[in-house]
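Listing of protein-v3.csv; format and content: CSV, C-alpha atoms and all ligand atoms.
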chain,number,residue,atom,x,y,z
F,559,MET,CA,26.0,-12.2,-18.0
F,560,LYS,CA,29.3,-10.4,-17.7
F,561,GLY,CA,30.7,-7.2,-19.3
F,562,SER,CA,29.8,-3.6,-19.2
F,563,CYS,CA,26.3,-2.5,-19.8
F,564,ASN,CA,24.7,-0.2,-22.2
F,565,ARG,CA,25.1,3.3,-20.7
F,566,ASN,CA,21.4,3.9,-21.1
F,567,THR,CA,20.8,1.0,-18.6
F,568,ARG,CA,20.0,2.2,-15.1
F,569,ILE,CA,21.5,0.3,-12.2
F,570,ILE,CA,19.2,0.3,-9.2
F,571,LEU,CA,19.8,-1.2,-5.8
F,572,HIS,CA,17.0,-2.3,-3.4
F,573,ILE,CA,18.2,-2.8,0.1
F,574,ASP,CA,16.0,-4.7,2.6
F,575,MET,CA,17.0,-5.4,6.2
F,576,ASP,CA,16.7,-9.0,7.3
F,577,HIS,CA,14.0,-9.8,10.0
F,578,PHE,CA,14.3,-6.1,10.9
F,579,PHE,CA,12.5,-5.8,14.3
F,580,SER,CA,14.0,-9.1,15.7
F,581,ALA,CA,17.4,-8.2,14.3
F,582,CYS,CA,17.3,-4.9,16.2
F,583,GLU,CA,16.4,-6.9,19.4
F,584,GLU,CA,19.3,-9.3,18.8
F,585,ARG,CA,21.6,-6.3,18.3
F,586,GLU,CA,20.5,-4.9,21.7
F,587,HIS,CA,20.5,-8.2,23.5
F,588,PRO,CA,23.2,-10.4,21.9
F,589,GLU,CA,22.2,-13.3,24.2
F,590,LEU,CA,19.1,-13.8,21.9
F,591,LYS,CA,21.2,-14.7,18.9
F,592,GLY,CA,20.9,-18.3,17.7
F,593,ASN,CA,17.5,-18.7,19.4
F,594,PRO,CA,14.1,-18.4,17.7
F,595,VAL,CA,12.9,-14.8,18.4
F,596,VAL,CA,9.4,-13.6,17.8
F,597,VAL,CA,8.4,-9.9,18.0
F,598,GLY,CA,4.7,-9.2,18.6
F,599,ALA,CA,1.9,-9.5,21.0
F,600,GLU,CA,2.3,-11.2,24.4
F,601,PRO,CA,1.8,-15.0,23.9
F,602,LYS,CA,0.3,-15.6,27.4
F,603,GLN,CA,1.1,-19.4,27.2
F,604,GLY,CA,-0.8,-19.7,23.9
F,605,ARG,CA,-3.8,-17.7,25.1
F,606,GLY,CA,-2.4,-14.4,23.9
F,607,ARG,CA,-4.2,-12.3,21.3
F,608,GLY,CA,-2.8,-10.1,18.6
F,609,VAL,CA,-0.2,-11.0,16.0
F,610,VAL,CA,3.4,-11.7,15.1
F,611,LYS,CA,5.1,-8.5,13.8
F,612,THR,CA,8.1,-10.4,12.6
F,613,CYS,CA,10.5,-13.2,13.7
F,614,ASN,CA,14.0,-14.2,13.0
F,615,TYR,CA,15.0,-16.9,10.6
F,616,GLU,CA,15.4,-19.5,13.4
F,617,ALA,CA,11.7,-19.0,14.3
F,618,ARG,CA,10.7,-19.1,10.6
F,619,GLU,CA,12.0,-22.7,10.5
F,620,PHE,CA,9.1,-23.6,12.9
F,621,GLY,CA,6.7,-22.1,10.4
F,622,ILE,CA,6.2,-18.8,12.2
F,623,GLN,CA,5.6,-15.7,10.0
F,624,SER,CA,4.6,-12.1,10.1
F,625,GLY,CA,0.9,-11.5,10.6
F,626,MET,CA,0.2,-14.9,12.2
F,627,PRO,CA,-1.8,-15.0,15.4
F,628,ILE,CA,0.6,-15.1,18.3
F,629,SER,CA,-1.3,-18.1,19.7
F,630,THR,CA,-0.4,-20.1,16.6
F,631,ALA,CA,3.2,-19.0,16.9
F,632,TRP,CA,3.2,-20.3,20.4
F,633,ARG,CA,1.8,-23.6,19.4
F,634,LEU,CA,4.4,-23.9,16.7
F,635,CYS,CA,7.3,-23.0,19.0
F,636,PRO,CA,6.5,-22.4,22.7
F,637,ASN,CA,10.2,-22.2,23.5
F,638,ALA,CA,10.9,-19.3,21.2
F,639,ILE,CA,11.8,-16.0,22.9
F,640,TYR,CA,8.8,-13.7,22.7
F,641,VAL,CA,9.5,-9.9,22.7
F,642,ARG,CA,7.1,-7.0,22.7
F,643,GLY,CA,8.0,-4.4,20.0
F,644,ASN,CA,10.3,-1.4,20.9
F,645,TYR,CA,9.3,0.9,18.0
F,646,ARG,CA,11.5,3.8,19.3
F,647,LEU,CA,14.5,1.6,18.9
F,648,TYR,CA,13.5,0.4,15.4
F,649,LYS,CA,13.0,3.9,14.3
F,650,LYS,CA,16.4,5.0,15.6
F,651,VAL,CA,18.2,2.1,13.9
F,652,SER,CA,16.3,2.7,10.7
F,653,GLU,CA,17.4,6.4,10.7
F,654,ARG,CA,21.0,5.4,11.1
F,655,ILE,CA,20.8,2.8,8.4
F,656,MET,CA,19.1,5.3,6.0
F,657,ALA,CA,21.9,7.8,6.8
F,658,ILE,CA,24.5,5.2,5.7
F,659,LEU,CA,22.6,4.5,2.5
F,660,LYS,CA,22.3,8.1,1.6
F,661,LYS,CA,26.0,8.5,1.5
F,662,TYR,CA,26.3,6.1,-1.4
F,663,SER,CA,24.1,8.0,-3.8
F,664,GLU,CA,22.1,11.2,-3.7
F,665,ARG,CA,19.5,9.3,-5.8
F,666,PHE,CA,18.0,7.7,-2.7
F,667,GLN,CA,14.5,6.7,-1.8
F,668,ARG,CA,13.3,5.3,1.5
F,669,TRP,CA,10.6,2.7,1.0
F,670,GLY,CA,9.4,2.0,4.5
F,671,LEU,CA,11.2,1.5,7.8
F,672,ASP,CA,13.7,-1.2,6.7
F,673,GLU,CA,14.0,-0.8,2.9
F,674,ALA,CA,15.3,1.8,0.4
F,675,PHE,CA,16.3,2.2,-3.3
F,676,LEU,CA,19.5,3.7,-4.5
F,677,ASP,CA,20.2,4.6,-8.1
F,678,VAL,CA,23.9,4.1,-8.6
F,679,SER,CA,24.0,4.4,-12.4
F,680,LEU,CA,26.2,7.5,-12.3
F,681,MET,CA,28.9,6.2,-10.0
F,682,THR,CA,29.3,2.6,-11.3
F,683,LYS,CA,30.2,1.6,-14.8
F,684,ASP,CA,28.5,-1.8,-14.8
F,685,PHE,CA,26.7,-4.4,-12.7
F,686,GLU,CA,30.1,-5.8,-11.5
F,687,GLU,CA,31.0,-2.5,-10.0
F,688,ALA,CA,27.5,-2.1,-8.6
F,689,THR,CA,27.9,-5.5,-6.9
F,690,LYS,CA,31.1,-4.4,-5.2
F,691,LEU,CA,29.4,-1.2,-4.1
F,692,ALA,CA,26.5,-3.3,-2.7
F,693,GLU,CA,29.0,-5.5,-0.8
F,694,SER,CA,30.5,-2.4,0.8
F,695,ILE,CA,27.0,-1.3,1.8
F,696,LYS,CA,26.3,-4.6,3.4
F,697,HIS,CA,29.6,-4.5,5.2
F,698,GLU,CA,29.1,-1.0,6.5
F,699,ILE,CA,25.6,-1.7,7.8
F,700,LEU,CA,26.8,-4.9,9.5
F,701,TRP,CA,29.8,-3.2,11.0
F,702,ASN,CA,28.0,-0.2,12.3
F,703,GLU,CA,24.6,-1.6,13.2
F,704,GLY,CA,25.2,-5.4,13.6
F,705,ILE,CA,22.4,-6.2,11.2
F,706,THR,CA,22.4,-8.0,7.9
F,707,CYS,CA,20.5,-7.0,4.8
F,708,SER,CA,19.6,-8.4,1.4
F,709,ILE,CA,20.3,-6.4,-1.7
F,710,GLY,CA,18.8,-6.8,-5.2
F,711,ILE,CA,20.4,-5.1,-8.2
F,712,GLY,CA,18.5,-4.6,-11.4
F,713,PRO,CA,17.8,-2.2,-14.3
F,714,ASN,CA,14.8,-0.7,-12.6
F,715,LYS,CA,13.1,-0.5,-9.1
F,716,LEU,CA,10.7,-3.3,-9.8
F,717,ILE,CA,13.4,-5.9,-10.6
F,718,ALA,CA,15.7,-4.6,-7.8
F,719,LYS,CA,12.8,-5.0,-5.3
F,720,ILE,CA,11.9,-8.5,-6.4
F,721,ALA,CA,15.6,-9.5,-6.5
F,722,SER,CA,16.3,-8.3,-2.9
F,723,GLY,CA,13.7,-10.9,-1.6
F,724,HIS,CA,15.1,-13.7,-3.7
F,725,GLU,CA,17.9,-14.9,-1.5
F,726,LYS,CA,17.1,-13.8,2.0
F,727,PRO,CA,18.8,-13.5,4.5
F,728,ASP,CA,22.1,-11.8,3.8
F,729,GLY,CA,21.5,-12.2,0.1
F,730,MET,CA,22.8,-10.5,-3.0
F,731,THR,CA,20.9,-11.1,-6.3
F,732,VAL,CA,22.0,-9.4,-9.5
F,733,VAL,CA,19.6,-9.3,-12.4
F,734,ARG,CA,21.0,-7.7,-15.6
F,735,GLU,CA,18.7,-6.5,-18.3
F,736,ASP,CA,19.3,-9.5,-20.5
F,737,ASP,CA,18.4,-11.8,-17.6
F,738,VAL,CA,15.2,-10.2,-16.6
F,739,GLU,CA,12.8,-12.5,-18.4
F,740,ARG,CA,14.7,-15.7,-17.2
F,741,PHE,CA,14.7,-14.4,-13.7
F,742,LEU,CA,11.0,-13.4,-13.5
F,743,ALA,CA,9.4,-16.2,-15.5
F,744,PRO,CA,9.4,-19.0,-12.8
F,745,LEU,CA,8.5,-16.8,-9.9
F,746,PRO,CA,5.0,-16.9,-8.4
F,747,VAL,CA,2.8,-13.9,-9.4
F,748,GLN,CA,2.5,-12.7,-5.8
F,749,ARG,CA,6.2,-11.6,-5.9
F,750,ILE,CA,5.0,-8.6,-8.0
F,751,VAL,CA,4.4,-5.5,-5.8
F,752,GLY,CA,0.7,-5.0,-5.4
F,753,ILE,CA,-0.4,-8.5,-6.2
F,754,GLY,CA,-1.9,-9.6,-2.9
F,755,GLU,CA,-3.9,-12.7,-1.8
F,756,LYS,CA,-7.1,-11.8,-3.6
F,757,THR,CA,-5.5,-10.9,-6.9
F,758,THR,CA,-3.4,-14.0,-6.7
F,759,ALA,CA,-6.5,-16.2,-6.2
F,760,LYS,CA,-8.2,-14.6,-9.2
F,761,LEU,CA,-5.1,-15.0,-11.3
F,762,HIS,CA,-4.8,-18.7,-10.3
F,763,GLY,CA,-8.4,-19.1,-11.3
F,764,MET,CA,-7.4,-17.9,-14.8
F,765,GLY,CA,-4.6,-20.4,-14.9
F,766,ILE,CA,-1.9,-17.8,-14.2
F,767,LYS,CA,0.5,-19.0,-11.5
F,768,THR,CA,3.9,-17.6,-12.5
F,769,ILE,CA,5.1,-14.2,-13.6
F,770,GLY,CA,5.9,-16.0,-16.9
F,771,ASP,CA,2.3,-17.0,-17.3
F,772,LEU,CA,1.2,-13.5,-16.6
F,773,ALA,CA,3.6,-12.0,-19.2
F,774,ALA,CA,2.3,-14.4,-21.8
F,775,PHE,CA,-1.4,-13.6,-21.0
F,776,SER,CA,-3.4,-11.2,-23.0
F,777,ALA,CA,-3.0,-7.6,-21.7
F,778,SER,CA,-6.5,-6.7,-22.9
F,779,ILE,CA,-8.2,-9.6,-21.0
F,780,LEU,CA,-6.2,-8.5,-17.9
F,781,ALA,CA,-7.5,-5.0,-18.4
F,782,GLN,CA,-11.1,-6.3,-18.7
F,783,LYS,CA,-10.7,-8.2,-15.5
F,784,PHE,CA,-8.6,-5.8,-13.3
F,785,GLY,CA,-9.0,-2.4,-15.0
F,786,ALA,CA,-6.0,-0.2,-15.2
F,787,MET,CA,-4.2,-2.4,-12.6
F,788,GLY,CA,-4.4,-5.3,-15.1
F,789,MET,CA,-2.4,-3.4,-17.6
F,790,ARG,CA,0.1,-2.5,-14.9
F,791,TYR,CA,0.4,-6.1,-13.8
F,792,HIS,CA,1.2,-7.1,-17.3
F,793,ARG,CA,3.9,-4.5,-17.7
F,794,TYR,CA,5.4,-5.5,-14.4
F,795,ALA,CA,5.4,-9.2,-15.5
F,796,LEU,CA,7.4,-8.1,-18.6
F,797,GLY,CA,9.8,-6.5,-16.1
F,798,LEU,CA,8.9,-2.9,-17.2
F,799,SER,CA,9.0,0.0,-14.7
F,800,GLU,CA,10.1,3.5,-15.5
F,801,SER,CA,9.7,5.4,-12.2
F,802,ASP,CA,12.8,7.1,-10.9
F,803,VAL,CA,14.4,6.6,-7.6
F,804,GLY,CA,13.5,9.5,-5.4
F,805,GLU,CA,10.2,10.3,-7.2
F,806,ARG,CA,8.2,9.8,-4.0
F,807,ARG,CA,10.9,10.4,-1.5
F,808,GLY,CA,9.8,9.6,2.0
F,809,ILE,CA,6.2,8.9,1.2
F,810,ARG,CA,4.7,5.7,2.4
F,811,LYS,CA,2.4,3.3,0.6
F,812,SER,CA,-0.3,3.1,3.2
F,813,ILE,CA,-1.3,4.0,6.7
F,814,GLY,CA,-3.2,1.6,8.8
F,815,HIS,CA,-4.1,0.7,12.3
F,816,GLU,CA,-5.7,-2.4,13.7
F,817,CYS,CA,-6.5,-3.8,17.1
F,818,THR,CA,-7.5,-7.1,18.6
F,819,PHE,CA,-10.3,-7.0,21.1
F,820,ALA,CA,-9.5,-8.2,24.6
F,821,VAL,CA,-12.5,-10.5,24.3
F,822,ASP,CA,-14.2,-11.5,21.0
F,823,THR,CA,-17.4,-9.5,20.7
F,824,ASP,CA,-20.6,-9.3,18.6
F,825,ALA,CA,-21.8,-6.1,20.4
F,826,ARG,CA,-22.4,-3.8,17.5
F,827,ASP,CA,-21.9,-0.6,19.6
F,828,VAL,CA,-18.6,-1.9,20.9
F,829,VAL,CA,-17.4,-2.7,17.4
F,830,SER,CA,-18.7,0.6,16.0
F,831,ARG,CA,-17.0,2.7,18.6
F,832,ARG,CA,-13.7,0.9,18.1
F,833,LEU,CA,-14.1,1.4,14.3
F,834,VAL,CA,-14.4,5.1,14.9
F,835,ASP,CA,-11.4,5.2,17.3
F,836,ILE,CA,-9.3,3.4,14.7
F,837,CYS,CA,-10.4,5.8,11.9
F,838,CYS,CA,-9.4,8.7,14.2
F,839,LYS,CA,-5.9,7.2,14.6
F,840,VAL,CA,-5.5,6.7,10.9
F,841,TYR,CA,-6.8,10.1,10.1
F,842,GLN,CA,-4.4,11.7,12.6
F,843,ARG,CA,-1.4,9.9,11.1
F,844,ALA,CA,-2.4,10.8,7.6
F,845,THR,CA,-2.9,14.5,8.4
F,846,GLU,CA,0.4,14.7,10.4
F,847,LYS,CA,2.1,13.6,7.2
F,848,ASN,CA,0.1,15.9,5.1
F,849,LEU,CA,-1.2,13.0,3.0
F,850,LEU,CA,-4.4,12.6,1.0
F,851,PHE,CA,-5.8,9.2,0.4
F,852,LYS,CA,-8.1,7.6,-2.1
F,853,THR,CA,-8.6,4.0,-1.0
F,854,VAL,CA,-10.0,2.8,2.3
F,855,THR,CA,-9.7,-0.8,3.4
F,856,VAL,CA,-11.5,-2.4,6.4
F,857,LYS,CA,-10.3,-5.6,7.8
F,858,VAL,CA,-12.4,-7.8,10.1
F,859,ARG,CA,-11.1,-11.0,11.6
F,860,TYR,CA,-13.7,-13.2,13.2
F,861,LYS,CA,-13.5,-15.5,16.2
F,862,ASN,CA,-12.7,-18.4,13.9
F,863,PHE,CA,-9.9,-16.4,12.3
F,864,ARG,CA,-11.8,-16.1,9.0
F,865,THR,CA,-10.7,-12.7,7.8
F,866,PHE,CA,-12.7,-10.3,5.7
F,867,THR,CA,-11.0,-7.3,3.9
F,868,HIS,CA,-13.0,-4.9,1.8
F,869,SER,CA,-11.7,-1.9,0.0
F,870,ARG,CA,-13.2,1.1,-1.8
F,871,THR,CA,-11.4,3.5,-4.0
F,872,LEU,CA,-13.1,6.9,-4.0
F,873,SER,CA,-13.3,9.0,-7.2
F,874,PHE,CA,-11.2,11.8,-5.5
F,875,PHE,CA,-8.3,12.2,-3.1
F,876,THR,CA,-9.4,13.4,0.3
F,877,ASN,CA,-8.1,14.0,3.8
F,878,SER,CA,-11.5,14.4,5.4
F,879,SER,CA,-12.1,12.4,8.6
F,880,GLN,CA,-15.8,12.2,7.7
F,881,ASN,CA,-15.1,10.6,4.3
F,882,LEU,CA,-12.8,8.1,6.0
F,883,ARG,CA,-15.3,7.3,8.8
F,884,LYS,CA,-18.3,7.0,6.5
F,885,THR,CA,-16.5,4.8,4.0
F,886,ALA,CA,-15.1,2.6,6.7
F,887,GLU,CA,-18.5,2.2,8.3
F,888,GLU,CA,-20.1,1.3,5.0
F,889,LEU,CA,-17.4,-1.2,4.2
F,890,ALA,CA,-17.7,-2.7,7.7
F,891,GLN,CA,-21.5,-3.0,7.4
F,892,ASP,CA,-21.5,-6.3,5.4
F,893,ALA,CA,-18.8,-7.8,7.6
F,894,LEU,CA,-20.6,-7.0,10.8
F,895,SER,CA,-24.1,-7.9,9.8
F,896,GLY,CA,-23.7,-11.6,10.7
F,897,MET,CA,-23.8,-13.0,14.2
F,898,GLU,CA,-20.2,-14.0,14.3
F,899,LYS,CA,-18.0,-12.6,17.0
F,900,VAL,CA,-15.2,-10.2,16.0
F,901,ARG,CA,-11.7,-10.7,17.1
F,902,LEU,CA,-9.8,-8.0,15.2
F,903,LEU,CA,-10.7,-4.8,13.5
F,904,GLY,CA,-8.4,-2.7,11.2
F,905,VAL,CA,-8.6,0.3,8.9
F,906,ARG,CA,-6.0,1.3,6.2
F,907,VAL,CA,-5.8,4.1,3.8
F,908,SER,CA,-3.7,3.8,0.6
F,909,ASN,CA,-3.3,5.3,-2.8
F,910,LEU,CA,-1.7,8.2,-1.0
F,911,LYS,CA,-0.3,11.5,-2.3
F,912,LEU,CA,1.1,14.5,-0.6
F,913,ALA,CA,-1.4,17.3,-0.3
F,914,LYS,CA,0.9,18.9,-3.0
F,915,GLY,CA,2.7,16.2,-4.8
F,916,GLN,CA,2.7,13.0,-6.9
F,917,ARG,CA,1.0,9.7,-6.6
F,918,ILE,CA,2.8,6.8,-5.2
F,919,LEU,CA,3.6,4.0,-7.6
F,920,ILE,CA,6.7,1.8,-7.9
S,1,LIG,P1,9.7,-6.9,6.2
S,1,LIG,O1,10.9,-6.3,5.5
S,1,LIG,O2,8.5,-7.3,5.3
S,1,LIG,O3,10.1,-8.1,7.0
S,1,LIG,P2,11.4,-8.4,7.9
S,1,LIG,O4,12.4,-7.4,7.7
S,1,LIG,O5,11.0,-8.7,9.3
S,1,LIG,O6,11.9,-9.8,7.3
S,1,LIG,P3,12.6,-10.1,5.9
S,1,LIG,O7,13.9,-10.6,6.3
S,1,LIG,O8,11.7,-11.1,5.2
S,1,LIG,O9,12.7,-8.8,5.2
S,1,LIG,O10,9.2,-5.8,7.2
S,1,LIG,C1,10.0,-5.0,8.0
S,1,LIG,C2,9.5,-4.8,9.4
S,1,LIG,O11,8.2,-4.3,9.3
S,1,LIG,C3,9.5,-6.1,10.1
S,1,LIG,O12,10.7,-6.4,10.8
S,1,LIG,C4,8.3,-5.9,11.1
S,1,LIG,C5,7.4,-4.9,10.4
S,1,LIG,N1,6.2,-5.6,9.9
S,1,LIG,C6,5.0,-5.5,10.6
S,1,LIG,O13,5.0,-4.8,11.6
S,1,LIG,N2,3.9,-6.2,10.1
S,1,LIG,C7,4.0,-7.0,9.0
S,1,LIG,O14,3.0,-7.6,8.6
S,1,LIG,C8,5.2,-7.1,8.3
S,1,LIG,C9,5.3,-7.9,7.0
S,1,LIG,C10,6.3,-6.4,8.8
S,2,MG,MG,13.0,-6.7,5.8
Translate the structure of the given file into structure tokens.
Ligand code: TTP
Ligand code: MG
Amino acid sequence: MKGSCNRNTRIILHIDMDHFFSACEEREHPELKGNPVVVGAEPKQGRGRGVVKTCNYEAREFGIQSGMPISTAWRLCPNAIYVRGNYRLYKKVSERIMAILKKYSERFQRWGLDEAFLDVSLMTKDFEEATKLAESIKHEILWNEGITCSIGIGPNKLIAKIASGHEKPDGMTVVREDDVERFLAPLPVQRIVGIGEKTTAKLHGMGIKTIGDLAAFSASILAQKFGAMGMRYHRYALGLSESDVGERRGIRKSIGHECTFAVDTDARDVVSRRLVDICCKVYQRATEKNLLFKTVTVKVRYKNFRTFTHSRTLSFFTNSSQNLRKTAEELAQDALSGMEKVRLLGVRVSNLKLAKGQRILI
């Protein structure tokens, strides 16, 4: 819909780099361009362990995706170029991109290594002007860093974020306030931030497949089934989100660490020791960033790739290593009580807040 918008309407951009890690690799090694490129563990002729971190869009055409075992990626495309991650490089490129973005609006919020929000309401008079500004951003990042990004423009952070993923790669999706319902209704529920695999499965069981289905569903039944999150999902499905850009500047959503055993194991002491090591790493990273956490998640992947994740939300925020370790051990107990061999173990803390600060919500 054209024309200038109501001045109360906010105009928010969400910028997300395309296939970020592999794009950085292509930028450093232009000879990779045009080939399928996979960043992650060593494939070892299909016997490699560990997972794909990301891959470029050429590799995605073979069905490869983030989080997939590297051995599966190899089966799908043995001729892809496999690269181990160079995190120092990704961090540097990320910092330079964030510096570019910050110049466009002081209402800036980094949202992970390769994505950020900008509130441009004060410097653009309508969505047309905001689109032109977004084109300049894309151009400047491509010119300076050789990397494409996708930008979503919407009346709030929720819509902007969903929109940036709508036409990847090198996309630009504009959703004006009047178009929100039409835009959201046909999308699958898992496009809403925070709706992961488990919640999606539950919602499907209730006959809710699309965001439109969720918006039309009874908020009170959602609250009964999912607690406070149910109410929030319903509000999100209606396209409602009030949080300001910059509210949680620089704070991440979760901190996790996982590792794949060199050999699948059912030795309880080996698994327990590794769980403690992983907890230590997560604890260190959380305290370095001065963060408290409330939710602990343990992930166990078995030899047959069946994956168990179990979370517990404590009734208080904490940064105690003992709380983390004890909760992780309790959560892991069920998963490790069987005889099945374990392939991968992971621990994640979420529901974070700064030791002095606000909670992290979109
Ligand atoms: P994403 O933005 O989710 O993915 P992407 O940039 O690779 O691809 P897209 O074009 O779909 O945006 O994540 C950014 C980077 O974070 C990604 O390049 C690699 C890393 N990452 C992981 O390490 N593990 C993961 O499971 C995911 C999803 C991403
Ligand atoms: Mg990305």
message: Please return as an MDAnalysis selection string the residues found within 8 Å of ligand MG 2 (chain S), counting all atoms listed in the file.
response: chainID F and resid 574:578 672:673 707
task: Set the cut-off to 10 Å, count all atoms listed in the file, and list whatever residues fall near ligand LIG 1 (chain S) as a PyMOL selection string.
output: chain F and resi 573-582+596-598+609-615+618+623-626+643+645+648+670-673+706-708+722-729
message: I need the residue nearest Arg749 (chain F) from this list: F:Lys847, F:Lys852, F:Lys719, F:Lys861. Use all atoms listed in the file for the distance.
response: F:Lys719
Given all atoms listed in the file as the counted atoms, nearest of F:Lys811, F:His587, F:Lys661, F:Arg668 to Ser694 (chain F): F:Lys661
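Closest approach to Val854 (chain F) among F:Gln842, F:Ser878, F:Gln891, F:Ser908 is made by F:Ser908 (distances from all atoms listed in the file).
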query: Which value, in Å to one decimal, gives the distance between CA of Glu664 (chain F) and CA of Ala795 (chain F)?
result: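 Straight-line distance from CA of Glu664 (chain F) to CA of Ala795 (chain F) works out to 28.9 Å.
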task: Kindly indicate which residue among F:Leu590, F:Val829, F:Ala692, F:Ala844 lies nearest to Thr876 (chain F), using all atoms listed in the file for the distances.
output: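 Among the listed residues, F:Ala844 lies closest to Thr876 (chain F).
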Nearest candidate to Gln880 (chain F) (options F:Cys837, F:Ala774, F:Gly814, F:His792; using all atoms listed in the file): F:Cys837
query: So what do you get for CA of Phe675 (chain F) versus CA of Ile769 (chain F), distance-wise?
result: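 These two atoms are separated by 22.4 Å.
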Protein, DNA and RNA residues within 12 Å of (-8.4, 9.9, 0.1), all atoms listed in the file, as a JSON list (two decimals) with C-alpha atoms, keeping the file's coordinate frame:
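New file selection-v1.json:
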[["chain", "number", "residue", "atom", "x", "y", "z"],
["F", 812, "SER", "CA", -0.30, 3.10, 3.20],
["F", 813, "ILE", "CA", -1.30, 4.00, 6.70],
["F", 840, "VAL", "CA", -5.50, 6.70, 10.90],
["F", 841, "TYR", "CA", -6.80, 10.10, 10.10],
["F", 844, "ALA", "CA", -2.40, 10.80, 7.60],
["F", 845, "THR", "CA", -2.90, 14.50, 8.40],
["F", 848, "ASN", "CA", 0.10, 15.90, 5.10],
["F", 849, "LEU", "CA", -1.20, 13.00, 3.00],
["F", 850, "LEU", "CA", -4.40, 12.60, 1.00],
["F", 851, "PHE", "CA", -5.80, 9.20, 0.40],
["F", 852, "LYS", "CA", -8.10, 7.60, -2.10],
["F", 853, "THR", "CA", -8.60, 4.00, -1.00],
["F", 854, "VAL", "CA", -10.00, 2.80, 2.30],
["F", 855, "THR", "CA", -9.70, -0.80, 3.40],
["F", 870, "ARG", "CA", -13.20, 1.10, -1.80],
["F", 871, "THR", "CA", -11.40, 3.50, -4.00],
["F", 872, "LEU", "CA", -13.10, 6.90, -4.00],
["F", 873, "SER", "CA", -13.30, 9.00, -7.20],
["F", 874, "PHE", "CA", -11.20, 11.80, -5.50],
["F", 875, "PHE", "CA", -8.30, 12.20, -3.10],
["F", 876, "THR", "CA", -9.40, 13.40, 0.30],
["F", 877, "ASN", "CA", -8.10, 14.00, 3.80],
["F", 878, "SER", "CA", -11.50, 14.40, 5.40],
["F", 879, "SER", "CA", -12.10, 12.40, 8.60],
["F", 880, "GLN", "CA", -15.80, 12.20, 7.70],
["F", 881, "ASN", "CA", -15.10, 10.60, 4.30],
["F", 882, "LEU", "CA", -12.80, 8.10, 6.00],
["F", 883, "ARG", "CA", -15.30, 7.30, 8.80],
["F", 885, "THR", "CA", -16.50, 4.80, 4.00],
["F", 886, "ALA", "CA", -15.10, 2.60, 6.70],
["F", 906, "ARG", "CA", -6.00, 1.30, 6.20],
["F", 907, "VAL", "CA", -5.80, 4.10, 3.80],
["F", 908, "SER", "CA", -3.70, 3.80, 0.60],
["F", 909, "ASN", "CA", -3.30, 5.30, -2.80],
["F", 910, "LEU", "CA", -1.70, 8.20, -1.00],
["F", 911, "LYS", "CA", -0.30, 11.50, -2.30],
["F", 912, "LEU", "CA", 1.10, 14.50, -0.60],
["F", 913, "ALA", "CA", -1.40, 17.30, -0.30],
["F", 917, "ARG", "CA", 1.00, 9.70, -6.60]]
message: Can you measure CA of Ile711 (chain F) to CA of Asp677 (chain F) for me? One decimal in Å is fine.
response: 9.7 Å
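Residues in contact with Ile720 (chain F) at up to 10 Å, not including ones fewer than 3 positions away on its chain and judged by all atoms listed in the file, are F:His572, F:Ile709, F:Gly710, F:Ile711, F:Gly712, F:Lys715, F:Leu716, F:Ile717, F:Gly723, F:His724, F:Thr731, F:Val733, F:Phe741, F:Leu742, F:Leu745, F:Arg749, F:Ile750, F:Val751.
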Using all atoms listed in the file, I'd like a table of the residues in region 861-899 of chain F that come within 12 Å of region 815-822 of chain F; for each, show the closest atom pair and its distance in Å rounded to one decimal, ordered by chain and ascending number, as a tab-separated table.
residue	atom	partner	partner_atom	distance
F:Lys861	CA	F:Asp822	CA	6.3
F:Asn862	CA	F:Asp822	CA	10.0
F:Phe863	CA	F:Asp822	CA	10.9
F:Met897	CA	F:Asp822	CA	11.9
F:Glu898	CA	F:Asp822	CA	9.3
F:Lys899	CA	F:Asp822	CA	5.6
Contacts of Tyr860 (chain F) at 7 Å (only C-alpha atoms; same-chain gap of 4+ positions) as a list in words: Arg864, Thr865, Glu898, Lys899, Val900, Arg901 and Leu902 of chain F
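Ranking F:Leu571, F:Asp737, F:Phe784, F:Ser663 by their shortest atom-to-atom distance to Lys756 (chain F), with all atoms listed in the file included, puts F:Phe784 first.
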